[in-house]
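A.B. asks: Here it is: the structure, laid out below.
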Amino acid sequence: MWLNSYSHFLKATIACTGLLFSSVVLPVVHAQEQNVVVINPTDSPADIVHKAANVVPSERQFNWQRQELTAFLHYGVNTYTGREWGDGKESPAIFNPTDLDADQWIRELKSAGFKCAILTCKHHDGFCLWPSAYTEHSVKHSPWKDGKGDVVREVSDACKKYGMDFGVYLSPWDRNSELYGTEAYNDFFVKQLTELLTLYGKVSEVWFDGACGEGPNGKKQEYDFVRWYELIRKLQPEAVIAVMGPDVRWVGTETGRGREMEWSVVPKDNLDQDAIAKNSQQEVLTAPVGDMMGQDLGSRKKIEKAKSLVWYPAEIDVSIRPGWFYHEAQDSKVKSPKELMDIYFTSVGMNGVLLLNLPPNKEGKLADADVRSLRGFRQLYATTFTDNLLANAKVTCALSEGKSRNVVDHNYDTSVLPKMKDGKAVFQFKLKNPATFNVLSVQEDIRKGQRVEKFSLEVKDAKGNWKRVTEGTTVGHKRLLKFPVETAKEVRLIISEVRAVPAISEIGLYRLRD
Ligand code: FUL
């Protein structure tokens, strides 16, 4: 992940939301403009917290967050050269899958619970996986299907067949195009983007990387992000633009790990994109390098100094293998089902969306090792999360809205607003029989805002005393916490710090086995 200068992003966000900074609170005009709020210089800390608690996702951001699991498919000339970054000089003749099976890619992803697949339609090498009318560097000059093939078509068709969302990765950095580094490149890019946004049906996510290296003429490009964003809003208004874009934020590493405290509401004006660029391609976070890379992006301390706040949720991209593209030598280094499950906890379970990369191999299929892991992950997921151990418990909680059983009904759309007493809410659960568990799951209905700042879980021990077994800070869309195995008949969730009364959607206890 490489990011370019933040100013493009900022300008574009303003253009796309249709909002301008001013010293008045902007009225909510459309659902899709609710995700920004301006802080006035006269606002007290309490006013700021109140505003933060009421920033909500746009409809497209909400739909994206609900997906939880999305997939990347890195595929192209690099698959055949064994490189991670092509130089743009590769001959299209090397792109020659012997049995390309996009149906298999999407079928496997679908049965593993993934909701969207994003294809690298063009990576930094400029090779297009569709027969673009604007370049000769594409599948149309490859031997595959005698130059009549179109990988983008096959993947988007398979997505339609299996009811999956489809997303496109179009690299702004193009090491093949002679136009790169000139104003004409932005027109060329717009034309390519238009092809992808108009010829293949619905696109749910457009993924831009900020990498901006040199093109074949040694020049760098000034990307016209604003124009691209406007085009996407016009042609595919429901699509989110990630991560060099206004809707979805890069979490900051490619390790599969989000933050312990992950706020989706963050200051819009002091995120340091340059710091992100510095950390790009690194395994471990070399903190502290700047606000956007730090462990705290949205606490009270951070939002107090903001000029405006925005709903800008985190996406966690990571590959199932060490590389983004398929390399045979990495067949033995595919992440195990358990590792994928750990990643699920540290991404989706930390209020993010997981973007897991599965790179098709030279044959044009997902390799056996990757499929085995993916299936293993699904099995582990299903064994762990199918039954909420609290489902039949008697739930007691003072509420100001909703029904107490809403929090255990496996339905995100039904939430409750607890009555806060001395700043606290307590959900008490009495089970018929003792249950054994080691995972807590809590969800907020983020359409009402992200509000929980601190919570804990307690169990009643044999002597009738309450004992704390785990605690956390932020919840957001989903928070999962693991702790040593406990057996109890009575448990309680205590929400002890909030920005406003939270809308609690689901509370669950589960047993994760080794
Ligand atoms: C990066 C690219 O340079 C990698 O090759 C990969 O596509 C990753 C997801 O983004 O910045």
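Each chain in the structure tokens gets a letter, A, B, ..., in the order shown, and its residues are numbered from 1; ligands are numbered from 1 in order too.
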Once DSSP has gone over the backbone, tell me which residues of range 360-494 of chain A are in strand (DSSP E), as a PyMOL selection string.
C.D. replies: chain A and resi 394-396+399-401+417-418+425-444+452-460+466-472+479-494
A.B. asks: Show me, as a PyMOL selection string, the residues that have an atom within 8 Å of Asp445 in chain A when counting only C-alpha atoms, minus same-chain residues fewer than 6 positions from it.
C.D. replies: chain A and resi 412-413+415+476-477+503-505
A.B. asks: Collect all residues with atoms no farther than 9 Å from ligand 1, counting only C-alpha atoms and all ligand atoms, and output them as a CSV table (one decimal) with N, CA, C and O atoms, in the first residue's frame.
C.D. replies:
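What follows is the written file pocket33.csv:
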```csv
chain,number,residue,atom,x,y,z
A,1,MET,N,0.8,-1.2,0.0
A,1,MET,CA,0.0,0.0,0.0
A,1,MET,C,0.9,1.2,0.0
A,1,MET,O,1.7,1.4,0.9
A,2,TRP,N,0.7,2.1,-0.9
A,2,TRP,CA,1.5,3.3,-1.0
A,2,TRP,C,0.5,4.4,-1.1
A,2,TRP,O,-0.5,4.4,-1.9
A,3,LEU,N,0.7,5.5,-0.4
A,3,LEU,CA,-0.2,6.6,-0.5
A,3,LEU,C,0.6,7.9,-0.9
A,3,LEU,O,1.7,8.1,-0.6
A,72,PHE,N,-9.2,-10.1,-2.1
A,72,PHE,CA,-8.4,-9.5,-3.1
A,72,PHE,C,-8.0,-10.7,-4.0
A,72,PHE,O,-7.7,-11.8,-3.5
A,74,HIS,N,-5.0,-11.0,-6.6
A,74,HIS,CA,-3.9,-10.4,-7.3
A,74,HIS,C,-3.5,-11.4,-8.4
A,74,HIS,O,-3.1,-12.5,-8.2
A,84,GLU,N,6.8,-9.4,-7.9
A,84,GLU,CA,5.8,-8.7,-7.2
A,84,GLU,C,5.3,-7.4,-7.9
A,84,GLU,O,4.2,-7.0,-7.8
A,85,TRP,N,6.3,-6.8,-8.5
A,85,TRP,CA,6.0,-5.6,-9.2
A,85,TRP,C,6.6,-5.8,-10.6
A,85,TRP,O,7.9,-5.9,-10.8
A,120,THR,N,-7.3,-7.4,-9.3
A,120,THR,CA,-6.3,-6.4,-9.8
A,120,THR,C,-6.5,-6.3,-11.4
A,120,THR,O,-5.7,-7.0,-12.1
A,123,HIS,N,-2.3,-3.8,-12.6
A,123,HIS,CA,-1.4,-3.6,-11.5
A,123,HIS,C,-0.3,-2.6,-12.0
A,123,HIS,O,-0.5,-2.0,-13.1
A,124,HIS,N,0.7,-2.3,-11.2
A,124,HIS,CA,1.7,-1.2,-11.6
A,124,HIS,C,2.3,-1.5,-13.0
A,124,HIS,O,2.8,-0.5,-13.6
A,169,TYR,N,-9.5,-3.1,-8.7
A,169,TYR,CA,-8.3,-2.5,-8.3
A,169,TYR,C,-7.7,-2.0,-9.6
A,169,TYR,O,-7.5,-2.8,-10.6
A,171,SER,N,-4.5,0.3,-10.8
A,171,SER,CA,-3.3,0.9,-10.3
A,171,SER,C,-3.1,2.3,-11.0
A,171,SER,O,-3.0,2.3,-12.2
A,208,PHE,N,-7.9,2.1,-4.9
A,208,PHE,CA,-6.8,2.8,-5.5
A,208,PHE,C,-5.6,2.8,-4.5
A,208,PHE,O,-5.8,3.1,-3.3
A,209,ASP,N,-4.5,2.5,-5.0
A,209,ASP,CA,-3.3,2.5,-4.3
A,209,ASP,C,-2.7,3.9,-4.5
A,209,ASP,O,-2.9,4.5,-5.6
A,210,GLY,N,-1.9,4.4,-3.6
A,210,GLY,CA,-1.3,5.7,-3.9
A,210,GLY,C,0.1,5.7,-4.5
A,210,GLY,O,0.7,6.7,-4.6
A,211,ALA,N,0.6,4.5,-4.8
A,211,ALA,CA,1.9,4.4,-5.4
A,211,ALA,C,2.1,5.3,-6.6
A,211,ALA,O,1.3,5.3,-7.5
A,254,GLU,N,0.1,-4.3,6.8
A,254,GLU,CA,-0.4,-5.4,6.0
A,254,GLU,C,-0.1,-6.7,6.8
A,254,GLU,O,0.2,-7.7,6.2
A,280,SER,N,4.7,1.9,4.3
A,280,SER,CA,4.2,1.0,3.3
A,280,SER,C,5.1,-0.2,3.1
A,280,SER,O,6.3,0.0,3.1
A,281,GLN,N,4.5,-1.3,2.8
A,281,GLN,CA,5.2,-2.6,2.5
A,281,GLN,C,6.0,-3.1,3.7
A,281,GLN,O,6.9,-3.9,3.5
A,317,ASP,N,-6.0,-5.1,4.9
A,317,ASP,CA,-5.6,-6.0,3.8
A,317,ASP,C,-4.4,-6.8,4.1
A,317,ASP,O,-3.4,-6.3,4.7
A,318,VAL,N,-4.4,-8.0,3.8
A,318,VAL,CA,-3.3,-9.0,4.1
A,318,VAL,C,-3.4,-10.1,3.1
A,318,VAL,O,-4.5,-10.5,2.6
A,319,SER,N,-2.3,-10.7,2.8
A,319,SER,CA,-2.3,-11.8,1.9
A,319,SER,C,-2.2,-13.2,2.6
A,319,SER,O,-1.6,-13.3,3.6
A,323,GLY,N,3.6,-13.2,-0.4
A,323,GLY,CA,3.5,-12.2,-1.5
A,323,GLY,C,2.1,-11.9,-1.8
A,323,GLY,O,1.2,-12.6,-1.5
A,324,TRP,N,1.9,-10.9,-2.6
A,324,TRP,CA,0.5,-10.6,-3.1
A,324,TRP,C,0.2,-11.4,-4.3
A,324,TRP,O,-0.9,-11.7,-4.6
A,325,PHE,N,1.3,-11.7,-5.1
A,325,PHE,CA,1.0,-12.6,-6.3
A,325,PHE,C,1.5,-14.0,-6.0
A,325,PHE,O,2.2,-14.3,-5.1
A,357,ASN,N,-6.2,-11.5,0.6
A,357,ASN,CA,-5.7,-11.7,-0.8
A,357,ASN,C,-5.5,-13.2,-1.0
A,357,ASN,O,-4.8,-13.9,-0.2
```
A.B. asks: In Å, how far is it from CA of Leu340 in chain A to CA of Val491 in chain A?
C.D. replies: 29.0 Å
A.B. asks: Env of range 128-139 of chain A: 6 Å cut, atoms = only C-alpha atoms, seq-sep filter 6 positions within chain, self excluded. Answer as a list of chain:residue names.
C.D. replies: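 So the residues in contact are A:Cys121, A:Lys122, A:Gly147, A:Asp150, A:Val151, A:Val152.
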A.B. asks: Write a file of the selected residues as an mmCIF file, in the first residue's frame, keeping N, CA, C and O atoms.
C.D. replies:
```cif
data_model
loop_
_atom_site.group_PDB
_atom_site.id
_atom_site.type_symbol
_atom_site.label_atom_id
_atom_site.label_comp_id
_atom_site.auth_asym_id
_atom_site.auth_seq_id
_atom_site.Cartn_x
_atom_site.Cartn_y
_atom_site.Cartn_z
ATOM 1 N N CYS A 121 -7.381 -5.508 -11.809
ATOM 2 C CA CYS A 121 -7.623 -5.395 -13.254
ATOM 3 C C CYS A 121 -6.376 -4.854 -13.947
ATOM 4 O O CYS A 121 -6.062 -5.228 -15.070
ATOM 5 N N LYS A 122 -5.664 -3.961 -13.276
ATOM 6 C CA LYS A 122 -4.372 -3.476 -13.784
ATOM 7 C C LYS A 122 -3.478 -3.207 -12.580
ATOM 8 O O LYS A 122 -3.852 -2.446 -11.689
ATOM 9 N N GLY A 147 -6.365 -14.369 -27.574
ATOM 10 C CA GLY A 147 -6.515 -12.916 -27.440
ATOM 11 C C GLY A 147 -7.965 -12.464 -27.339
ATOM 12 O O GLY A 147 -8.250 -11.266 -27.356
ATOM 13 N N ASP A 150 -11.246 -12.297 -21.498
ATOM 14 C CA ASP A 150 -11.449 -11.109 -20.669
ATOM 15 C C ASP A 150 -11.607 -11.599 -19.215
ATOM 16 O O ASP A 150 -12.670 -12.102 -18.834
ATOM 17 N N VAL A 151 -10.545 -11.454 -18.435
ATOM 18 C CA VAL A 151 -10.595 -11.967 -17.054
ATOM 19 C C VAL A 151 -11.606 -11.158 -16.221
ATOM 20 O O VAL A 151 -12.311 -11.719 -15.379
ATOM 21 N N VAL A 152 -11.675 -9.866 -16.489
ATOM 22 C CA VAL A 152 -12.611 -9.036 -15.712
ATOM 23 C C VAL A 152 -14.046 -9.526 -15.938
ATOM 24 O O VAL A 152 -14.838 -9.656 -15.012
#
```
A.B. asks: May I have a table of the residues of range 353-388 of chain A lying at most 10 Å from range 63-70 of chain A, giving each one's closest pair of atoms and their distance in Å to one decimal, counting only C-alpha atoms, ordered by chain and ascending residue number, as CSV?
C.D. replies:
```
residue,atom,partner,partner_atom,distance
A:Val353,CA,A:Glu68,CA,4.7
A:Leu354,CA,A:Leu69,CA,5.2
A:Leu355,CA,A:Thr70,CA,4.8
A:Leu356,CA,A:Thr70,CA,6.4
A:Asn357,CA,A:Thr70,CA,8.7
```
A.B. asks: List the spatial neighbours of Ala102 in chain A as a VMD selection string - criterion: any atom at most 8 Å away, only C-alpha atoms, same-chain residues fewer than 2 positions off excluded.
C.D. replies: chain A and resid 100 104 to 106 151 154 to 155 158 364 to 365
A.B. asks: Next, dump the selected residues to file, keeping only N, CA and C atoms, as a short mmCIF file (atom, residue, chain, number, x, y, z; two decimals), in the first residue's frame.
C.D. replies:
```cif
data_model
loop_
_atom_site.label_atom_id
_atom_site.label_comp_id
_atom_site.auth_asym_id
_atom_site.auth_seq_id
_atom_site.Cartn_x
_atom_site.Cartn_y
_atom_site.Cartn_z
N LEU A 100 -7.83 -21.32 -16.85
CA LEU A 100 -8.35 -20.26 -15.98
C LEU A 100 -9.79 -20.57 -15.56
N GLN A 104 -14.17 -21.16 -10.07
CA GLN A 104 -13.60 -21.78 -8.87
C GLN A 104 -13.20 -20.71 -7.84
N TRP A 105 -12.58 -19.61 -8.28
CA TRP A 105 -12.15 -18.57 -7.34
C TRP A 105 -13.34 -18.08 -6.52
N ILE A 106 -14.39 -17.75 -7.25
CA ILE A 106 -15.53 -17.12 -6.58
C ILE A 106 -16.34 -18.15 -5.78
N VAL A 151 -10.54 -11.45 -18.43
CA VAL A 151 -10.59 -11.97 -17.05
C VAL A 151 -11.61 -11.16 -16.22
N GLU A 154 -14.94 -12.59 -16.80
CA GLU A 154 -15.16 -13.90 -16.17
C GLU A 154 -15.36 -13.78 -14.66
N VAL A 155 -14.57 -12.90 -14.05
CA VAL A 155 -14.70 -12.75 -12.60
C VAL A 155 -16.03 -12.05 -12.26
N ALA A 158 -18.84 -14.49 -12.67
CA ALA A 158 -18.87 -15.49 -11.58
C ALA A 158 -19.43 -14.85 -10.32
N GLY A 364 -4.25 -20.66 -13.46
CA GLY A 364 -5.44 -19.81 -13.47
C GLY A 364 -6.45 -20.28 -12.44
N LYS A 365 -5.93 -20.95 -11.38
CA LYS A 365 -6.81 -21.46 -10.32
C LYS A 365 -6.28 -21.05 -8.96
#
```
A.B. asks: Excluding Ile39 in chain A and residues on its chain fewer than 4 positions from it, collect all residues at most 7 Å away from it, counting only C-alpha atoms, and give them as a PyMOL selection string.
C.D. replies: chain A and resi 43+48+306-308
A.B. asks: Between A:Lys202, A:Arg257, A:Lys115, A:His327, single out the one closest to Asn351 in chain A, counting only C-alpha atoms.
C.D. replies: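 Between A:Lys202, A:Arg257, A:Lys115, A:His327, the residue approaching Asn351 in chain A most closely is A:Arg257.
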A.B. asks: For Phe189 in chain A, work out the shell of residues within 10 Å, counting only C-alpha atoms and skipping chain neighbours fewer than 5 positions away, then give it as a ChimeraX atom specification.
C.D. replies: /A:134,170-174,179-180,184,194-195,223-224,228
A.B. asks: I need the residues of range 214-243 of chain A that end up classed as helix (DSSP H, G or I) by DSSP on the backbone, written out as a ChimeraX atom specification.
C.D. replies: /A:225-235
